[in-house]
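Q: Compact mmCIF, C-alpha atoms, saved as final.txt, coming up:
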```
# COMPACT_ATOMS: atom_id res chain seq x y z
CA MET H 206 41.22 13.00 -3.16
CA SER H 207 43.40 11.34 -0.58
CA LYS H 208 43.93 7.63 -0.62
CA MET H 209 42.88 5.50 2.30
CA HIS H 210 44.84 2.89 4.12
CA ILE H 211 42.71 -0.23 3.75
CA THR H 212 43.12 -3.48 5.63
CA LEU H 213 41.33 -6.63 4.51
CA THR H 214 41.56 -10.26 5.46
CA VAL H 215 41.15 -12.10 2.18
CA ASN H 216 40.96 -15.90 2.30
CA GLY H 217 42.66 -15.84 5.68
CA LYS H 218 45.52 -13.62 4.57
CA GLN H 219 45.98 -10.08 5.88
CA GLU H 220 46.21 -7.56 3.05
CA GLU H 221 47.06 -3.88 3.33
CA LEU H 222 46.83 -1.36 0.53
CA LEU H 223 46.22 2.24 -0.36
CA ALA H 224 43.06 2.89 -2.34
CA GLU H 225 40.76 5.74 -3.18
CA PRO H 226 37.49 5.44 -1.26
CA ARG H 227 35.59 5.28 -4.55
CA GLU H 228 37.30 2.10 -5.68
CA LEU H 229 34.97 -0.88 -5.68
CA LEU H 230 35.74 -4.05 -3.76
CA ILE H 231 35.70 -6.10 -6.98
CA HIS H 232 38.39 -3.84 -8.47
CA VAL H 233 40.55 -4.05 -5.37
CA LEU H 234 40.29 -7.85 -5.34
CA ARG H 235 40.98 -8.32 -9.05
CA GLU H 236 43.37 -5.52 -9.89
CA ARG H 237 45.26 -4.87 -6.66
CA LEU H 238 45.33 -8.34 -5.15
CA SER H 239 45.16 -10.42 -8.38
CA ILE H 240 42.27 -12.44 -6.96
CA THR H 241 40.40 -13.01 -10.20
CA GLY H 242 37.89 -15.66 -9.13
CA PRO H 243 35.13 -13.09 -8.57
CA HIS H 244 34.10 -11.93 -12.04
CA ILE H 245 32.76 -8.66 -13.35
CA GLY H 246 29.59 -9.55 -15.22
CA CYS H 247 27.05 -6.76 -15.34
CA GLU H 248 28.69 -4.35 -12.88
CA THR H 249 25.15 -3.20 -11.95
CA SER H 250 24.29 -5.44 -8.96
CA HIS H 251 22.19 -7.81 -11.05
CA CYS H 252 24.16 -10.85 -12.15
CA GLY H 253 25.98 -12.01 -9.01
CA ALA H 254 29.17 -13.07 -10.83
CA CYS H 255 31.16 -10.85 -8.43
CA THR H 256 29.66 -12.45 -5.30
CA VAL H 257 32.09 -12.83 -2.40
CA ASP H 258 31.59 -13.60 1.27
CA MET H 259 32.12 -10.50 3.44
CA ASN H 260 31.87 -10.88 7.23
CA GLY H 261 29.61 -13.89 6.78
CA LYS H 262 27.31 -12.30 4.22
CA SER H 263 27.06 -12.92 0.48
CA VAL H 264 27.64 -9.57 -1.20
CA LYS H 265 27.99 -8.31 -4.73
CA SER H 266 31.48 -6.86 -4.66
CA CYS H 267 30.69 -4.52 -7.58
CA THR H 268 28.32 -2.67 -5.24
CA VAL H 269 30.56 -2.42 -2.19
CA LEU H 270 33.07 0.41 -1.91
CA ALA H 271 36.59 -0.52 -0.91
CA ALA H 272 36.17 1.98 1.92
CA GLN H 273 33.05 0.20 3.20
CA ALA H 274 34.93 -3.09 3.17
CA ASN H 275 37.82 -1.68 5.20
CA GLY H 276 38.45 -4.07 8.09
CA ALA H 277 36.32 -6.85 6.62
CA GLU H 278 36.97 -10.56 6.29
CA ILE H 279 36.51 -11.64 2.68
CA THR H 280 36.28 -15.14 1.27
CA THR H 281 36.37 -15.71 -2.48
CA ILE H 282 36.22 -18.91 -4.51
CA GLU H 283 40.02 -19.10 -4.10
CA GLY H 284 39.49 -19.48 -0.36
CA LEU H 285 37.00 -22.33 -0.64
CA GLY H 286 39.03 -24.92 -2.53
CA THR H 287 42.19 -25.45 -4.59
CA PRO H 288 42.72 -27.41 -7.81
CA ASP H 289 44.24 -30.23 -5.73
CA SER H 290 41.62 -30.11 -3.03
CA LEU H 291 38.26 -28.99 -4.34
CA HIS H 292 35.47 -27.86 -2.04
CA VAL H 293 32.55 -30.28 -2.02
CA LEU H 294 30.48 -27.67 -3.89
CA GLN H 295 33.13 -27.48 -6.62
CA THR H 296 33.21 -31.27 -6.92
CA MET H 297 29.43 -31.46 -7.13
CA PHE H 298 29.19 -28.65 -9.70
CA ARG H 299 31.60 -30.69 -11.83
CA GLU H 300 29.85 -34.00 -11.27
CA HIS H 301 26.36 -32.65 -11.93
CA HIS H 302 27.31 -30.37 -14.83
CA GLY H 303 26.40 -27.29 -12.83
CA LEU H 304 28.39 -25.17 -15.25
CA GLN H 305 28.95 -24.78 -18.95
CA CYS H 306 30.97 -21.65 -19.79
CA GLY H 307 31.89 -21.25 -16.12
CA PHE H 308 31.70 -17.48 -15.95
CA CYS H 309 29.01 -17.37 -13.25
CA THR H 310 30.41 -20.35 -11.32
CA PRO H 311 32.67 -18.62 -8.76
CA GLY H 312 29.76 -16.39 -7.73
CA MET H 313 27.34 -19.32 -7.71
CA ILE H 314 29.57 -21.46 -5.51
CA THR H 315 30.49 -18.64 -3.14
CA ARG H 316 26.78 -17.84 -2.71
CA ALA H 317 25.87 -21.52 -2.30
CA TYR H 318 28.60 -21.82 0.34
CA ARG H 319 26.90 -19.15 2.49
CA LEU H 320 23.48 -20.70 1.89
CA LEU H 321 24.68 -24.07 3.22
CA GLN H 322 26.28 -22.37 6.22
CA GLU H 323 22.88 -20.90 7.11
CA ASN H 324 20.68 -23.77 5.97
CA PRO H 325 22.59 -27.08 5.76
CA ASP H 326 19.64 -29.04 4.38
CA PRO H 327 17.74 -26.79 1.97
CA SER H 328 14.79 -27.87 -0.15
CA GLU H 329 14.88 -27.33 -3.90
CA GLU H 330 12.56 -24.35 -3.45
CA GLU H 331 14.80 -22.85 -0.76
CA ILE H 332 17.85 -23.25 -3.01
CA ARG H 333 16.13 -21.48 -5.90
CA TYR H 334 15.04 -18.64 -3.59
CA ALA H 335 18.50 -18.32 -2.04
CA MET H 336 20.29 -18.40 -5.42
CA ALA H 337 18.01 -15.83 -7.05
CA GLY H 338 20.72 -13.16 -7.01
CA ASN H 339 22.99 -15.17 -9.34
CA LEU H 340 22.33 -15.38 -13.05
CA CYS H 341 23.50 -18.18 -15.35
CA ARG H 342 22.91 -17.88 -19.09
CA CYS H 343 24.01 -21.43 -19.94
CA THR H 344 22.64 -24.12 -17.68
CA GLY H 345 19.00 -23.26 -17.15
CA TYR H 346 19.77 -23.64 -13.41
CA GLN H 347 18.51 -27.23 -13.11
CA ASN H 348 21.97 -28.72 -12.67
CA ILE H 349 23.10 -25.90 -10.42
CA VAL H 350 20.26 -26.76 -8.06
CA LYS H 351 21.12 -30.48 -8.31
CA ALA H 352 24.78 -29.76 -7.57
CA ILE H 353 23.93 -27.74 -4.46
CA MET H 354 21.53 -30.43 -3.21
CA ALA H 355 24.21 -33.07 -3.77
CA ALA H 356 26.81 -30.96 -1.95
CA ALA H 357 24.42 -30.51 0.98
CA SER H 358 23.85 -34.29 1.22
CA GLU H 359 27.57 -34.96 1.02
CA LEU H 360 28.39 -32.38 3.70
CA ASN H 361 25.64 -33.72 5.96
CA ALA H 362 26.82 -37.32 5.47
CA VAL H 363 30.36 -36.28 6.44
CA LYS H 364 28.99 -34.47 9.49
CA GLU H 365 26.94 -37.50 10.57
CA ALA H 366 29.87 -39.85 10.09
CA ALA H 367 31.99 -37.61 12.31
CA GLN H 368 29.46 -37.74 15.15
CA MET Y 169 31.40 2.29 -13.71
CA ILE Y 170 33.55 3.95 -11.06
CA PRO Y 171 32.09 6.67 -8.83
CA ALA Y 172 33.42 10.22 -8.90
CA PRO Y 173 35.92 11.01 -6.13
CA PHE Y 174 34.75 11.70 -2.60
CA GLU Y 175 36.07 11.74 0.95
CA TYR Y 176 34.93 8.84 3.13
CA HIS Y 177 33.87 9.13 6.76
CA ARG Y 178 32.91 6.35 9.18
CA PRO Y 179 31.66 8.02 12.38
CA ASP Y 180 30.92 5.82 15.40
CA SER Y 181 28.05 7.81 16.90
CA VAL Y 182 24.87 9.49 15.70
CA GLU Y 183 26.16 12.79 17.09
CA ALA Y 184 29.39 12.52 15.10
CA ALA Y 185 27.45 11.66 11.94
CA VAL Y 186 25.06 14.60 12.40
CA LYS Y 187 28.06 16.89 13.00
CA LEU Y 188 29.62 15.77 9.71
CA LEU Y 189 26.30 16.34 7.93
CA SER Y 190 26.07 19.85 9.41
CA ASP Y 191 29.68 20.66 8.57
CA PHE Y 192 29.49 19.62 4.93
CA GLY Y 193 25.86 20.54 4.24
CA GLU Y 194 24.66 19.67 0.77
CA ASP Y 195 28.10 18.32 -0.11
CA ALA Y 196 27.53 15.27 2.11
CA ARG Y 197 25.43 12.13 1.84
CA VAL Y 198 24.93 9.30 4.30
CA VAL Y 199 25.19 5.70 3.14
CA ALA Y 200 23.56 2.73 4.84
CA GLY Y 201 23.82 -0.49 2.79
CA GLY Y 202 24.57 1.51 -0.33
CA HIS Y 203 22.56 -0.62 -2.75
CA SER Y 204 20.49 2.32 -3.97
CA LEU Y 205 23.17 4.98 -3.65
CA ILE Y 206 26.26 3.21 -5.03
CA PRO Y 207 24.61 2.30 -8.39
CA MET Y 208 23.65 5.98 -8.73
CA MET Y 209 27.23 7.01 -7.84
CA LYS Y 210 28.59 4.62 -10.48
CA LEU Y 211 26.31 6.18 -13.07
CA ARG Y 212 27.61 9.61 -11.95
CA MET Y 213 24.07 10.67 -11.15
CA THR Y 214 25.08 11.97 -7.73
CA ASP Y 215 27.16 14.99 -6.85
CA PHE Y 216 28.69 15.20 -3.40
CA GLY Y 217 32.17 15.36 -1.91
CA HIS Y 218 31.68 13.55 1.39
CA LEU Y 219 30.22 10.13 2.04
CA ILE Y 220 29.22 9.38 5.64
CA ASP Y 221 29.04 5.63 6.24
CA LEU Y 222 26.73 4.71 9.14
CA GLN Y 223 27.92 1.07 9.49
CA ALA Y 224 29.94 1.62 12.68
CA ILE Y 225 27.14 3.25 14.70
CA ASP Y 226 25.86 0.53 17.04
CA ALA Y 227 22.96 2.71 18.23
CA LEU Y 228 21.39 2.38 14.76
CA LYS Y 229 21.29 -1.42 14.88
CA GLY Y 230 18.94 -3.98 16.31
CA ILE Y 231 15.30 -4.93 16.79
CA ARG Y 232 13.62 -4.27 20.15
CA ILE Y 233 10.20 -5.54 21.15
CA ASP Y 234 8.91 -3.91 24.36
CA GLY Y 235 5.44 -5.22 25.03
CA ARG Y 236 3.38 -4.11 22.04
CA ARG Y 237 5.94 -1.57 20.79
CA ILE Y 238 8.45 -2.62 18.16
CA THR Y 239 11.50 -0.46 17.43
CA ILE Y 240 13.86 -1.28 14.58
CA GLY Y 241 17.19 0.51 14.21
CA ALA Y 242 17.76 2.15 10.84
CA MET Y 243 20.84 0.04 10.04
CA THR Y 244 19.01 -3.26 10.58
CA THR Y 245 19.33 -5.20 7.34
CA GLN Y 246 16.50 -6.87 5.42
CA HIS Y 247 18.30 -10.18 6.04
CA GLU Y 248 18.18 -9.59 9.80
CA ILE Y 249 14.47 -8.71 9.61
CA ILE Y 250 13.71 -11.91 7.67
CA HIS Y 251 15.47 -14.09 10.26
CA HIS Y 252 14.32 -12.37 13.48
CA ALA Y 253 12.25 -14.82 15.54
CA GLY Y 254 10.48 -12.18 17.66
CA LEU Y 255 9.45 -10.16 14.64
CA ALA Y 256 8.10 -13.28 12.93
CA THR Y 257 5.51 -13.50 15.72
CA ALA Y 258 4.95 -9.81 16.46
CA ALA Y 259 4.76 -8.42 12.90
CA PRO Y 260 5.20 -11.08 10.21
CA ILE Y 261 4.43 -8.56 7.44
CA LEU Y 262 7.97 -7.17 7.89
CA ALA Y 263 9.67 -10.42 6.91
CA GLU Y 264 7.11 -11.06 4.18
CA ALA Y 265 7.88 -7.69 2.60
CA ALA Y 266 11.65 -7.86 3.21
CA GLY Y 267 11.80 -11.27 1.57
CA GLN Y 268 10.41 -9.79 -1.66
CA ILE Y 269 12.99 -6.99 -1.87
CA ALA Y 270 15.68 -7.35 -4.54
CA ASP Y 271 17.70 -10.57 -4.12
CA PRO Y 272 19.57 -12.35 -1.30
CA GLN Y 273 22.87 -10.51 -1.73
CA VAL Y 274 21.13 -7.12 -1.71
CA ARG Y 275 19.12 -8.10 1.38
CA TYR Y 276 22.33 -8.80 3.34
CA MET Y 277 23.39 -5.18 2.77
CA GLY Y 278 20.12 -3.28 2.29
CA THR Y 279 18.72 -1.70 5.45
CA LEU Y 280 15.27 -0.76 6.69
CA GLY Y 281 16.42 2.82 7.28
CA GLY Y 282 17.82 3.19 3.80
CA ASN Y 283 14.68 1.70 2.30
CA VAL Y 284 12.33 4.10 4.10
CA ALA Y 285 14.51 7.24 4.03
CA ASN Y 286 15.54 7.08 0.38
CA GLY Y 287 12.15 8.26 -0.85
CA ASP Y 288 12.17 6.04 -3.93
CA PRO Y 289 8.51 5.21 -4.73
CA GLY Y 290 9.70 1.71 -5.70
CA ASN Y 291 10.92 0.88 -2.19
CA ASP Y 292 8.66 -1.60 -0.42
CA MET Y 293 9.01 -0.65 3.26
CA PRO Y 294 7.49 2.85 3.04
CA GLY Y 295 4.09 1.36 2.14
CA VAL Y 296 4.41 -1.24 4.89
CA MET Y 297 5.29 1.51 7.40
CA GLN Y 298 2.29 3.59 6.34
CA CYS Y 299 0.04 0.56 6.60
CA LEU Y 300 1.30 -0.02 10.17
CA ASP Y 301 1.06 3.70 11.04
CA ALA Y 302 4.75 3.66 11.98
CA THR Y 303 6.72 6.53 13.47
CA PHE Y 304 10.08 7.56 12.01
CA HIS Y 305 12.73 8.82 14.44
CA LEU Y 306 15.03 11.55 13.13
CA ASN Y 307 18.10 13.06 14.68
CA GLY Y 308 19.62 16.40 13.68
CA PRO Y 309 21.68 19.26 15.08
CA GLY Y 310 18.67 20.43 17.15
CA GLY Y 311 18.10 17.01 18.71
CA SER Y 312 15.60 14.32 17.90
CA ARG Y 313 12.06 14.46 16.55
CA VAL Y 314 9.50 12.08 15.16
CA VAL Y 315 7.46 12.08 11.95
CA LYS Y 316 4.63 9.69 11.14
CA ALA Y 317 5.30 7.49 8.11
CA ARG Y 318 1.99 8.73 6.69
CA ASP Y 319 3.33 12.32 6.79
CA PHE Y 320 6.90 11.60 5.69
CA TYR Y 321 6.72 11.29 1.91
CA GLU Y 322 6.28 14.47 -0.14
CA ALA Y 323 7.29 13.42 -3.67
CA ALA Y 324 9.75 11.03 -5.29
CA TYR Y 325 13.02 11.38 -3.31
CA PHE Y 326 11.57 14.27 -1.29
CA THR Y 327 10.72 13.52 2.33
CA ALA Y 328 10.19 15.33 5.63
CA ARG Y 329 13.79 14.52 6.59
CA ALA Y 330 15.93 17.67 6.59
CA GLU Y 331 19.33 17.63 4.84
CA ASP Y 332 21.17 17.59 8.16
CA GLU Y 333 19.06 14.87 9.79
CA ILE Y 334 19.58 11.13 10.01
CA LEU Y 335 16.73 8.64 10.27
CA THR Y 336 17.75 6.59 13.29
CA ALA Y 337 14.87 4.14 13.81
CA VAL Y 338 11.28 3.26 13.03
CA SER Y 339 8.75 2.18 15.62
CA PHE Y 340 5.21 0.85 15.51
CA ASP Y 341 2.72 -1.13 17.56
CA THR Y 342 2.29 -4.84 17.00
CA PRO Y 343 -0.38 -4.91 14.31
CA ALA Y 344 -3.73 -6.15 15.56
CA GLY Y 345 -4.97 -8.74 13.10
CA GLY Y 346 -3.84 -10.54 9.98
CA GLN Y 347 -1.21 -8.98 7.73
CA ALA Y 348 -0.06 -9.47 4.16
CA TYR Y 349 2.29 -7.88 1.66
CA VAL Y 350 1.60 -8.98 -1.91
CA LYS Y 351 3.91 -7.76 -4.67
CA GLN Y 352 3.77 -8.14 -8.43
CA LYS Y 353 7.15 -7.71 -10.12
CA ARG Y 354 8.54 -8.56 -13.53
CA LYS Y 355 11.45 -10.59 -12.20
CA ILE Y 356 13.63 -11.18 -9.14
CA GLY Y 357 15.43 -7.98 -8.22
CA ASP Y 358 12.84 -5.69 -9.77
CA TYR Y 359 10.80 -3.05 -8.04
CA ALA Y 360 7.05 -3.60 -7.80
CA THR Y 361 4.76 -3.16 -10.75
CA ALA Y 362 2.21 -2.96 -7.96
CA ALA Y 363 2.23 -4.06 -4.32
CA ALA Y 364 -0.23 -3.93 -1.46
CA ALA Y 365 0.27 -3.91 2.32
CA VAL Y 366 -2.85 -4.88 4.25
CA VAL Y 367 -3.73 -5.35 7.93
CA ILE Y 368 -7.17 -6.68 8.81
CA ALA Y 369 -8.58 -7.08 12.32
CA ARG Y 370 -11.55 -9.42 12.69
CA SER Y 371 -13.95 -10.24 15.43
CA GLY Y 372 -16.71 -12.81 15.15
CA GLY Y 373 -16.40 -13.01 11.37
CA ARG Y 374 -16.64 -9.25 10.89
CA CYS Y 375 -13.79 -6.94 9.94
CA THR Y 376 -13.39 -4.43 12.78
CA ALA Y 377 -10.57 -2.38 11.26
CA ALA Y 378 -8.42 -2.40 8.14
CA SER Y 379 -5.38 -0.51 6.88
CA ILE Y 380 -4.27 -0.52 3.24
CA ALA Y 381 -1.18 1.00 1.60
CA MET Y 382 0.11 0.63 -1.96
CA THR Y 383 3.68 0.65 -3.36
CA ASN Y 384 5.01 2.18 -6.61
CA LEU Y 385 1.65 3.40 -7.85
CA ALA Y 386 2.29 7.14 -7.36
CA ASP Y 387 5.35 9.27 -6.63
CA THR Y 388 4.94 8.40 -2.94
CA PRO Y 389 3.53 5.37 -1.16
CA VAL Y 390 -0.26 5.61 -0.97
CA TRP Y 391 -1.99 4.90 2.34
CA CYS Y 392 -5.64 4.79 1.41
CA GLU Y 393 -7.84 5.56 4.39
CA GLU Y 394 -11.07 5.18 2.36
CA ALA Y 395 -10.06 1.70 1.20
CA GLY Y 396 -9.56 0.57 4.79
CA ALA Y 397 -12.82 2.22 5.84
CA ALA Y 398 -14.65 0.36 3.06
CA LEU Y 399 -13.75 -2.92 4.76
CA ALA Y 400 -14.28 -1.92 8.40
CA GLY Y 401 -17.61 -3.07 9.80
CA THR Y 402 -18.29 -5.47 6.92
CA ASP Y 403 -18.13 -9.24 6.68
CA LEU Y 404 -15.53 -8.87 3.89
CA SER Y 405 -18.10 -9.72 1.26
CA ALA Y 406 -17.17 -9.47 -2.40
CA ALA Y 407 -19.02 -6.14 -2.56
CA ALA Y 408 -17.03 -4.74 0.38
CA ILE Y 409 -13.75 -5.86 -1.16
CA GLU Y 410 -14.65 -4.28 -4.51
CA ALA Y 411 -15.54 -1.04 -2.69
CA ALA Y 412 -12.08 -1.07 -1.13
CA VAL Y 413 -10.46 -1.80 -4.50
CA GLY Y 414 -12.43 1.09 -6.03
CA ALA Y 415 -11.33 3.49 -3.28
CA MET Y 416 -7.71 2.37 -3.79
CA ASP Y 417 -8.01 2.90 -7.55
CA ARG Y 418 -9.13 6.50 -7.00
CA ALA Y 419 -6.20 7.15 -4.62
CA ILE Y 420 -3.33 5.90 -6.79
CA ASP Y 421 -1.76 7.74 -9.71
CA PRO Y 422 0.37 5.27 -11.69
CA GLN Y 423 2.43 6.46 -14.65
CA SER Y 424 3.15 4.50 -17.82
CA ASP Y 425 6.75 3.32 -17.98
CA ASN Y 426 8.79 0.21 -18.75
CA ARG Y 427 6.71 -1.74 -16.21
CA GLY Y 428 3.65 -1.16 -18.33
CA PRO Y 429 0.93 1.34 -19.21
CA ALA Y 430 -0.91 3.07 -16.38
CA GLU Y 431 -4.07 1.05 -17.13
CA PHE Y 432 -2.16 -2.19 -16.67
CA LYS Y 433 -0.74 -0.97 -13.37
CA ARG Y 434 -4.26 -0.18 -12.16
CA HIS Y 435 -5.26 -3.71 -13.10
CA ALA Y 436 -2.22 -5.15 -11.29
CA ALA Y 437 -2.94 -2.94 -8.25
CA ALA Y 438 -6.47 -4.33 -8.01
CA VAL Y 439 -5.19 -7.91 -8.31
CA VAL Y 440 -2.53 -7.56 -5.60
CA LEU Y 441 -4.94 -5.75 -3.29
CA ARG Y 442 -7.60 -8.48 -3.62
CA ARG Y 443 -4.95 -11.12 -2.92
CA ALA Y 444 -3.53 -9.19 0.04
CA ILE Y 445 -7.00 -8.69 1.56
CA ALA Y 446 -7.73 -12.42 1.19
CA ALA Y 447 -4.39 -13.38 2.73
CA ALA Y 448 -4.63 -10.90 5.61
CA ALA Y 449 -8.23 -11.94 6.34
CA ALA Y 450 -7.25 -15.62 6.37
CA ARG Y 451 -4.50 -14.84 8.89
CA ALA Y 452 -6.65 -12.60 11.10
```
If you took the structure in this file and wrote it as structure tokens, what would it be?
A:
Amino acid sequence: MSKMHITLTVNGKQEELLAEPRELLIHVLRERLSITGPHIGCETSHCGACTVDMNGKSVKSCTVLAAQANGAEITTIEGLGTPDSLHVLQTMFREHHGLQCGFCTPGMITRAYRLLQENPDPSEEEIRYAMAGNLCRCTGYQNIVKAIMAAASELNAVKEAAQ
Amino acid sequence: MIPAPFEYHRPDSVEAAVKLLSDFGEDARVVAGGHSLIPMMKLRMTDFGHLIDLQAIDALKGIRIDGRRITIGAMTTQHEIIHHAGLATAAPILAEAAGQIADPQVRYMGTLGGNVANGDPGNDMPGVMQCLDATFHLNGPGGSRVVKARDFYEAAYFTARAEDEILTAVSFDTPAGGQAYVKQKRKIGDYATAAAAVVIARSGGRCTAASIAMTNLADTPVWCEEAGAALAGTDLSAAAIEAAVGAMDRAIDPQSDNRGPAEFKRHAAAVVLRRAIAAAAARA
């Protein structure tokens, strides 16, 4: 089968590559572009560890074909913050112990990022509903919810201060 | 977990997509959001050489409300349905059902067209569409035609859609009365153990009309005319509701599987139907 010329904007950077249409977005990100923040957990659309932002939607990149993603804008955890300048969500996950082993965390934070874009002041119930596509086997979720609520308050406080 | 090789196509019109389907015949499949098809491809349970991606066809997108008639393009996602203000007023059962499908990430990608055309008995929208007496719009080499949702499903994964046709839209009238979709599932992301779609019209305390359809309790969705008729003309007394539940129980044909024995599914079906009738009546 012929390879396709695929263009992606990943974390603001234009990427071009040749890939078979059957390659999955998660494989392209991790193996071709060395963007290893999105993790392969279950590889069956259940766990959410591979969650990335694609054209403003949270998607499970193990269930998106590279060909489908052609032309898309992708944001991964690498595009949200850096070790020197963490995203508020990253800071709050650390402060509130929203992670233990950390495997699910990139997917959790990338999903929470989109949630807060759509709903800047979510209730606890709304957070649990919106995060239902991401599994964590360590925390019991309580501190993940706390971290997201804290991040929302912080982001809203910054917004208010700016106005 | 990598699909077998295929050629990828992204046509930008329905005509171009239908032409590709005609050219490649059984060797082609269309993909909408892909969240039913791609897992099957990864398990190598599919066998085709050409994948036709419908994402670039603008004519398949969008929700239109013209007076009482609602038309939803096949590529409209569950996420878009959940957040559509007009639909929330005109037919809130759509968002209620969409919000119980899979999980948030899947709902950003999963489409109404894929959900109704796939023919999986576990899909939620087919039952909703039968409850609403929706019309499915198909487009093939010979032009367009319509099929009623209540006539569309033949068996699991077998529908009235021909191999060279694409489901382009669904349409239905604004439901008259209260609506509810109640679903019992084992966990987030699961298909229904049992689910019920109910519309109830009331006037002066009496039920004037009712429509009832069930999900994942047979190899097709089950619209149960007798169950609706058992409620029409009554004051929704406990006896009337149990008559409807009894009619529903005779219409379904659940099979024992990892969601439980058939007897349990009948029990769950009765529970969700009673809850859906109560909710729809309260909203009527």
Q: Show which residues sit within 10 Å of Gln219 of chain H, as a PyMOL selection string. Count only C-alpha atoms, and ignore same-chain residues fewer than 4 positions away.
A: chain H and resi 212-215+276+278
Q: Deliver the residues from the most recent selection as a file, using C-alpha atoms, as a JSON list (two decimals), in the coordinates of the input.
A:
```
[["chain", "number", "residue", "atom", "x", "y", "z"],
["H", 212, "THR", "CA", 43.12, -3.48, 5.63],
["H", 213, "LEU", "CA", 41.33, -6.63, 4.51],
["H", 214, "THR", "CA", 41.56, -10.26, 5.46],
["H", 215, "VAL", "CA", 41.15, -12.10, 2.18],
["H", 276, "GLY", "CA", 38.45, -4.07, 8.09],
["H", 278, "GLU", "CA", 36.97, -10.56, 6.29]]
```
Q: I need the chain H residues near chain Y as a list in words; criterion: at most 6 Å, counting all atoms listed in the file.
A: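 Contact residues on the first chain: Arg227, Ser263, Val264 and Gly338 of chain H.
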Q: Segment 317-322 of chain H, all listed atoms, 8 Å padding on each side: what axis-aligned box centre and edge lengths in Å to one decimal come out, as lines of an AutoDock Vina configuration file?
A:
```
center_x = 26.0
center_y = -21.6
center_z = 2.0
size_x = 21.1
size_y = 20.9
size_z = 24.5
```
Q: If you count all atoms listed in the file, which residues fall within 9 Å of Asn361 of chain H, apart from same-chain ones fewer than 5 positions away, as a VMD selection string?
A: chain H and resid 325 to 326 356 366
Q: Those same residues, written as a PDB file, keeping the file's coordinate frame with C-alpha atoms?
A:
```pdb
ATOM      1  CA  PRO H 325      22.590 -27.080   5.760  1.00  0.00           C
ATOM      2  CA  ASP H 326      19.640 -29.040   4.380  1.00  0.00           C
ATOM      3  CA  ALA H 356      26.810 -30.960  -1.950  1.00  0.00           C
ATOM      4  CA  ALA H 366      29.870 -39.850  10.090  1.00  0.00           C
TER       5      ALA H 366
END
```
Q: Using all atoms listed in the file, give me every residue within 6 Å of (0.4, 3.7, 3.6) in file coordinates, as a PyMOL selection string.
A: chain Y and resi 295+298-299+381+389-391
Q: For the residues in the current selection, export C-alpha atoms as a tab-separated table (two decimals), in the frame of the given file.
A:
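Below is the file part.tsv, written as the result:
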```tsv
chain	number	residue	atom	x	y	z
Y	295	GLY	CA	4.09	1.36	2.14
Y	298	GLN	CA	2.29	3.59	6.34
Y	299	CYS	CA	0.04	0.56	6.60
Y	381	ALA	CA	-1.18	1.00	1.60
Y	389	PRO	CA	3.53	5.37	-1.16
Y	390	VAL	CA	-0.26	5.61	-0.97
Y	391	TRP	CA	-1.99	4.90	2.34
```
Q: Excluding His301 of chain H and its own-chain neighbours fewer than 2 positions away, which residues fall within 10 Å of it when counting only C-alpha atoms? Please give them as a PyMOL selection string.
A: chain H and resi 296-299+303-304+347-353+355
Q: Can you list, as a PyMOL selection string, every protein, DNA or RNA residue that comes within 10 Å of Ile231 of chain H when you count only C-alpha atoms, leaving out same-chain residues fewer than 4 positions away?
A: chain H and resi 235-237+240-241+243-245+248+255-257+265-271
Q: Mind pulling up the distance from atom CA of Arg427 of chain Y to atom CA of Thr361 of chain Y?
A: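 Atom CA of Thr361 of chain Y sits 6.0 Å away from atom CA of Arg427 of chain Y.
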Q: Selecting N, CA, C and O atoms, how would segment 325-330 of chain H from this structure be written as a tab-separated table (two decimals), in the first residue's frame?
A:
```tsv
chain	number	residue	atom	x	y	z
H	325	PRO	N	-15.27	26.83	32.06
H	325	PRO	CA	-14.20	27.33	32.93
H	325	PRO	C	-14.48	27.18	34.42
H	325	PRO	O	-13.56	27.29	35.22
H	326	ASP	N	-15.73	26.93	34.79
H	326	ASP	CA	-16.04	26.85	36.22
H	326	ASP	C	-16.90	25.62	36.51
H	326	ASP	O	-18.04	25.73	36.96
H	327	PRO	N	-16.35	24.43	36.28
H	327	PRO	CA	-17.18	23.23	36.41
H	327	PRO	C	-17.43	22.83	37.86
H	327	PRO	O	-16.59	23.07	38.73
H	328	SER	N	-18.59	22.23	38.10
H	328	SER	CA	-18.87	21.65	39.42
H	328	SER	C	-18.12	20.32	39.53
H	328	SER	O	-17.63	19.78	38.54
H	329	GLU	N	-18.08	19.79	40.75
H	329	GLU	CA	-17.42	18.49	40.93
H	329	GLU	C	-18.09	17.43	40.06
H	329	GLU	O	-17.43	16.61	39.41
H	330	GLU	N	-19.42	17.47	40.01
H	330	GLU	CA	-20.16	16.49	39.22
H	330	GLU	C	-19.83	16.62	37.74
H	330	GLU	O	-19.63	15.63	37.03
```
